[in-house]
Amino acid sequence: MFKKPPSLSTNFALVLVILVGVLSLRAAEKHTLIINGQSTDVPVIFVADHPYVGLEDLAKALNGSVSSSGPVVALSLPVGLADRAPSPPPAQAPALPAPAPTEAAPTQAAPSNPGFSRDFLNAGIEQMSTLREWHTALQTAIETGIPLSEGLLQPYRARATTNLRFALVAATTKADHDGYELLNNVYVNMGKLSDKYVKMRANLTYIAPDSLQNDELNRRIINCGRFLGAMAASGQFSDDGSCH
């Protein structure tokens, strides 16, 4: 018995499947990202004819790191990365007669401002996140009427103490040590704020749900937290009165 030859509709469906497969392979075509003349494995996608890359993949290709805390995303790159980028050879200048020998002037090292180190920046962001959790726990207890006690807030204080030590160990540059002083200041202020309301509760003093809104120390802590977040994003040390 002879097999029935494929119909025209069957052939058309087969061609359609092959065409879809070819188009899919083309859509998955790999694009190569080249940085300063060096090929990388960073995947590139095109959206509306514009190339995009993942931040974590880009940081890995540049030997950097990505960290985040709340609305802040920090990209840390090795210091002097731009100095290692290849540059085109200088144009050939016409030969000039050698100058007469003169007494060599003493060379002076160019001032450097390396900013925050990668390890300290990560430790600082972790400490800021811990302090924010501590403050949220205190605020929630006051606004909802949960009985305040030292035991309720002790876990947050303990984590903040540990993370502050990690930040001190990670500090290597001048900016790191200056930034640590601000982290320590806001840690001390947060401890004072907690102790104040725990003591009020122990003395059976009425604590209004909106007490923190009118507390000057609380406003300074919040303003300092915002300032530290912006400073971490910049990667450079600066000072603000709210952190003192």
# chains A, B, ... in the order shown; residues from 1 in each chain; ligands from 1
>>> residues_around(residues="Asn218 of chain A", least_positions_apart="4", cutoff="9 Å", atoms="only C-alpha atoms", output="ChimeraX atom specification")
/A:189-190,193,212-214,222-223
>>> residues_around(residues="Tyr156 of chain A", least_positions_apart="3", cutoff="12 Å", atoms="only C-alpha atoms", output="list of chain:residue names")
A:Gln127, A:Met128, A:Ser129, A:Thr130, A:Leu131, A:Arg132, A:Glu133, A:Trp134, A:His135, A:Thr136, A:Ala137, A:Leu138, A:Glu150, A:Gly151, A:Leu152, A:Leu153, A:Arg159, A:Ala160, A:Thr161, A:Thr162, A:Asn163, A:Tyr187, A:Met190, A:Gly191, A:Ser194
>>> residues_around(residues="segment 231-238 of chain A", least_positions_apart="2", cutoff="6 Å", atoms="only C-alpha atoms", output="PyMOL selection string")
chain A and resi 74+115-116+175+228-229
>>> residues_around(residues="Thr205 of chain A", least_positions_apart="5", cutoff="12 Å", atoms="only C-alpha atoms", output="CSV table (one decimal) with N, CA and C atoms, in the first residue's frame")
chain,number,residue,atom,x,y,z
A,147,PRO,N,3.6,48.2,74.4
A,147,PRO,CA,4.4,48.6,75.6
A,147,PRO,C,5.9,48.6,75.3
A,148,LEU,N,6.6,49.7,75.5
A,148,LEU,CA,8.0,49.8,75.2
A,148,LEU,C,8.8,49.2,76.3
A,196,LYS,N,15.2,57.3,75.8
A,196,LYS,CA,14.2,58.3,76.3
A,196,LYS,C,12.8,57.8,76.4
A,197,TYR,N,12.3,57.1,75.4
A,197,TYR,CA,10.9,56.6,75.4
A,197,TYR,C,10.7,55.3,76.2
A,198,VAL,N,11.8,54.5,76.3
A,198,VAL,CA,11.7,53.4,77.2
A,198,VAL,C,11.6,53.8,78.7
A,199,LYS,N,12.4,54.9,79.0
A,199,LYS,CA,12.3,55.4,80.4
A,199,LYS,C,11.0,56.0,80.7
A,200,MET,N,10.4,56.7,79.7
A,200,MET,CA,9.1,57.3,79.9
A,200,MET,C,8.1,56.2,80.1
>>> atom_distance(atom1="atom CA of Cys243 of chain A", atom2="atom CA of Ala141 of chain A")
24.3 Å
>>> atom_distance(atom1="atom CA of Arg118 of chain A", atom2="atom CA of Asp178 of chain A")
15.0 Å
>>> residues_around(residues="Ile35 of chain A", least_positions_apart="6", cutoff="10 Å", atoms="only C-alpha atoms", output="PyMOL selection string")
chain A and resi 42+58+61-62+85
>>> write_last_selection(atoms="C-alpha atoms", output="short mmCIF file (atom, residue, chain, number, x, y, z; two decimals), in the first residue's frame")
data_model
loop_
_atom_site.label_atom_id
_atom_site.label_comp_id
_atom_site.auth_asym_id
_atom_site.auth_seq_id
_atom_site.Cartn_x
_atom_site.Cartn_y
_atom_site.Cartn_z
CA VAL A 42 28.11 41.13 29.53
CA LEU A 58 28.51 45.29 34.18
CA ALA A 61 33.04 42.83 34.18
CA LEU A 62 34.68 45.90 35.76
CA ALA A 85 41.86 52.56 30.15
#
>>> closest_residue(among="A:Ser149, A:Thr140, A:Gln154, A:Ser242", to="Asn203 of chain A", atoms="only C-alpha atoms")
A:Ser149
>>> select_by_dssp(residues="segment 91-237 of chain A", states="helix (DSSP H, G or I)", output="JSON, numbers by chain")
{"A": [118, 119, 120, 121, 122, 123, 124, 125, 126, 127, 128, 129, 130, 131, 132, 133, 134, 135, 136, 137, 138, 139, 140, 141, 142, 143, 144, 150, 151, 152, 153, 154, 155, 156, 157, 158, 159, 160, 161, 162, 163, 164, 165, 166, 167, 168, 169, 170, 174, 175, 176, 177, 178, 179, 180, 181, 182, 183, 184, 185, 186, 187, 188, 189, 190, 191, 192, 193, 194, 195, 196, 197, 198, 199, 200, 201, 202, 211, 212, 213, 214, 216, 217, 218, 219, 220, 221, 222, 223, 224, 225, 226, 227, 228, 229, 230, 231, 232, 233, 234]}
>>> residues_around(residues="Val169 of chain A", least_positions_apart="6", cutoff="12 Å", atoms="only C-alpha atoms", output="PyMOL selection string")
chain A and resi 117+119-121+123-124+162-163+176-177+180
>>> write_last_selection(atoms="C-alpha atoms", output="PDB file, in the first residue's frame")
ATOM      1  CA  SER A 117      36.465  51.941  49.849  1.00  0.00           C
ATOM      2  CA  ASP A 119      34.207  47.219  51.816  1.00  0.00           C
ATOM      3  CA  PHE A 120      33.412  50.248  53.970  1.00  0.00           C
ATOM      4  CA  LEU A 121      30.633  51.379  51.617  1.00  0.00           C
ATOM      5  CA  ALA A 123      29.344  47.899  55.640  1.00  0.00           C
ATOM      6  CA  GLY A 124      28.011  51.447  55.930  1.00  0.00           C
ATOM      7  CA  THR A 162      27.835  44.653  65.572  1.00  0.00           C
ATOM      8  CA  ASN A 163      27.471  46.317  62.163  1.00  0.00           C
ATOM      9  CA  ASP A 176      36.064  55.857  55.406  1.00  0.00           C
ATOM     10  CA  HIS A 177      37.176  57.071  58.847  1.00  0.00           C
ATOM     11  CA  TYR A 180      32.501  56.149  60.302  1.00  0.00           C
TER      12      TYR A 180
END
>>> residues_around(residues="Cys224 of chain A", least_positions_apart="5", cutoff="10 Å", atoms="only C-alpha atoms", output="number ranges by chain")
A: 182-183, 185-186, 218-219, 229-230, 239-244
>>> closest_residue(among="A:Ala202, A:Ile207, A:Val188, A:Ala167", to="Glu126 of chain A", atoms="only C-alpha atoms")
A:Ala167
